[in-house]
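Quick notes on the structure that follows.
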Amino acid sequence: MKKFKILFLAMLATISLFAPLTQVAKADSLDEPVMTLGTSLTSSQRQGTIDVLKSQISSSNYNTLTVTGNTLVTYLNPSGSNFNSNSGVWSSAVIEKTSSGSGINVSIVNYNGSNNITTISADQYRNAALTAGITDANIYVTSATKIDGSGALAGIYAAYAQNGNSLNQSQVNAAQKEIGVLSSITQANDGKDGYTDEQLNNAIAGIKSDMAKQGSNITVNQITTIVNNNLQQNNLQNIITDNQKQQIINLMVQIRDSGALKDSNFKDQAQKLSSDITSQAKNIFNKLNTQENRNFVQKMWDGIVSFFKGLFS
């Protein structure tokens, strides 16, 4: 009898030892796409949203998640938002995992021919997802009514939690701060000659990539230098105001402090994001690569070369 008790206790210890490992392994990925649906949608809007999002994913199987005011409170209020349990949610999304190294891809899908996401751009969603710790995923966002699009992002965070893969709240807070900063800068510069949202988001992705190369111990001075370099590379140095630049620097310090730079995938995902933005907006970035817009250092070097060519001629 004594031997039986010892054997039984040993079995319990073994089960308790390996149970957490099994749970972690299950949490590594979204096995099936997750569709997040705003709770404020009417029955016809909900079905219309399902039809729109379902047409974008490759799998016929997916899980659904209703996003409520409480979801907004849980994921967005810690970063400074003021939602409550009665807040309405219309913007919806579907997220599906993709192969390693494919990066984060976001598309805002029209609902009945209209883009109803009024504030957050696809590239802003992508940068926020990167900061929050999401990797290698296709995300499709839509809304049946005109809305800023915060509910869709909260739904994506909740989708990860539902599948046992909760994101780091500090990174989520930084991601939400990022949405606010980038949206406000784009709105402030809307219609200004020489400015596009793609340039700003490409600069932000480049900043993150350069920061990741330096590591999590990067200093504020190093961050400031990286911000200046990337703004210049995207021809924004004379458009972004000093106040806006300081907002970006403060944001990057928050991203550093959130622990995002400790993720081994962060640099590669940031580089992939920057490459994708440049590729998808070739017309914009080709215009930047002109003699008129070449950076000061290059112009100065060209002048030196021309001087000595003339001297020896």
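Labels used: A, B, ... for chains in the order of the structure tokens, numbers from 1 for residues in each chain, and numbers from 1 for ligands as shown.
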- DSSP alpha helix (DSSP H) residues within stretch 22-83 of chain A, listed as a VMD selection string: chain A and resid 22 to 26 43 to 54 69 to 75
Counting only C-alpha atoms, give me one row per residue of stretch 51-158 of chain A with an atom at most 12 Å from an atom of stretch 198-208 of chain A, showing the shortest contact pair and its distance in Å to one decimal, sorted by chain then residue number, as a tab-separated table.
residue	atom	partner	partner_atom	distance
A:Ile104	CA	A:Ala205	CA	11.8
A:Ile120	CA	A:Asn201	CA	11.7
A:Ser121	CA	A:Glu198	CA	9.3
A:Ala122	CA	A:Glu198	CA	9.5
A:Asp123	CA	A:Asn201	CA	6.2
A:Gln124	CA	A:Asn201	CA	6.7
A:Tyr125	CA	A:Asn201	CA	9.9
A:Arg126	CA	A:Asn201	CA	9.0
A:Asn127	CA	A:Ala205	CA	6.8
A:Ala128	CA	A:Ala205	CA	10.2
A:Ala129	CA	A:Ala205	CA	11.5
A:Leu130	CA	A:Ala205	CA	9.0
A:Thr131	CA	A:Lys208	CA	8.8
- Message: What's around stretch 47-56 of chain A at 8 Å? Count only C-alpha atoms, leave out sequence neighbours fewer than 4 positions away in its own chain, and write the answer as a ChimeraX atom specification.
- Response: /A:35,37,43,60,92-94,109,111,140-144
- Item | Interatomic distance (Å, one decimal) between atom CA of A:Ala270 and atom CA of A:Asn116 |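 Here the two named atoms are 27.2 Å from each other.
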- Query: Within 12 Å of stretch 264-266 of chain A, counting only C-alpha atoms, which residues qualify if same-chain residues fewer than 4 places away don't, as a count of residues only?
  - Reply: 34
- Message: Quick check for you: according to DSSP on this backbone, which residues of stretch 121-300 of chain A are classed as strand (DSSP E or B)? Reply as a list in words.
- Response: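 DSSP-assigned strand (DSSP E or B) residues in stretch 121-300 of chain A: Ala137, Asn138, Ile139, Tyr140, Val141, Thr142 and Ile147 of chain A.
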Please, could you write that set of residues out with all heavy atoms as a short mmCIF file (atom, residue, chain, number, x, y, z; two decimals), in the first residue's frame?
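Resulting contents of result.cif:
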data_model
loop_
_atom_site.label_atom_id
_atom_site.label_comp_id
_atom_site.auth_asym_id
_atom_site.auth_seq_id
_atom_site.Cartn_x
_atom_site.Cartn_y
_atom_site.Cartn_z
N ALA A 137 1.24 37.34 -40.11
CA ALA A 137 -0.22 37.18 -40.13
C ALA A 137 -0.84 38.05 -41.21
O ALA A 137 -0.31 39.12 -41.55
CB ALA A 137 -0.81 37.56 -38.77
N ASN A 138 -1.95 37.58 -41.76
CA ASN A 138 -2.79 38.39 -42.63
C ASN A 138 -3.96 38.90 -41.81
O ASN A 138 -4.63 38.11 -41.12
CB ASN A 138 -3.32 37.57 -43.81
CG ASN A 138 -2.24 37.25 -44.83
OD1 ASN A 138 -1.24 37.96 -44.94
ND2 ASN A 138 -2.44 36.20 -45.60
N ILE A 139 -4.20 40.19 -41.86
CA ILE A 139 -5.29 40.80 -41.11
C ILE A 139 -6.16 41.59 -42.09
O ILE A 139 -5.65 42.41 -42.86
CB ILE A 139 -4.77 41.74 -40.01
CG1 ILE A 139 -3.88 40.97 -39.02
CG2 ILE A 139 -5.92 42.43 -39.28
CD1 ILE A 139 -3.17 41.86 -38.01
N TYR A 140 -7.46 41.35 -42.04
CA TYR A 140 -8.40 42.07 -42.89
C TYR A 140 -9.39 42.80 -41.99
O TYR A 140 -9.96 42.22 -41.07
CB TYR A 140 -9.13 41.09 -43.81
CG TYR A 140 -8.19 40.30 -44.70
CD1 TYR A 140 -7.77 39.02 -44.31
CD2 TYR A 140 -7.71 40.82 -45.89
CE1 TYR A 140 -6.88 38.30 -45.10
CE2 TYR A 140 -6.83 40.10 -46.68
CZ TYR A 140 -6.42 38.84 -46.28
OH TYR A 140 -5.53 38.14 -47.06
N VAL A 141 -9.60 44.08 -42.28
CA VAL A 141 -10.42 44.95 -41.43
C VAL A 141 -11.55 45.54 -42.26
O VAL A 141 -11.35 45.92 -43.42
CB VAL A 141 -9.57 46.08 -40.82
CG1 VAL A 141 -10.43 46.99 -39.96
CG2 VAL A 141 -8.41 45.52 -40.02
N THR A 142 -12.73 45.63 -41.67
CA THR A 142 -13.85 46.28 -42.36
C THR A 142 -14.82 46.84 -41.33
O THR A 142 -14.71 46.55 -40.13
CB THR A 142 -14.58 45.29 -43.30
OG1 THR A 142 -15.43 46.03 -44.19
CG2 THR A 142 -15.42 44.29 -42.52
N ILE A 147 -16.43 54.57 -38.92
CA ILE A 147 -15.91 54.47 -37.56
C ILE A 147 -14.39 54.54 -37.60
O ILE A 147 -13.78 54.26 -38.63
CB ILE A 147 -16.40 53.17 -36.86
CG1 ILE A 147 -16.36 53.30 -35.34
CG2 ILE A 147 -15.64 51.97 -37.36
CD1 ILE A 147 -17.42 54.19 -34.76
#
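Reported to one decimal place, the separation of atom CA of A:Ile277 from atom CA of A:Ala175 is 18.4 Å.
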- Could you pull the residues within 12 Å of stretch 79-87 of chain A, counting only C-alpha atoms, minus those fewer than 4 positions along the same chain, as number ranges by chain? A: 38-40, 67-75, 150-151, 154, 169-180, 254
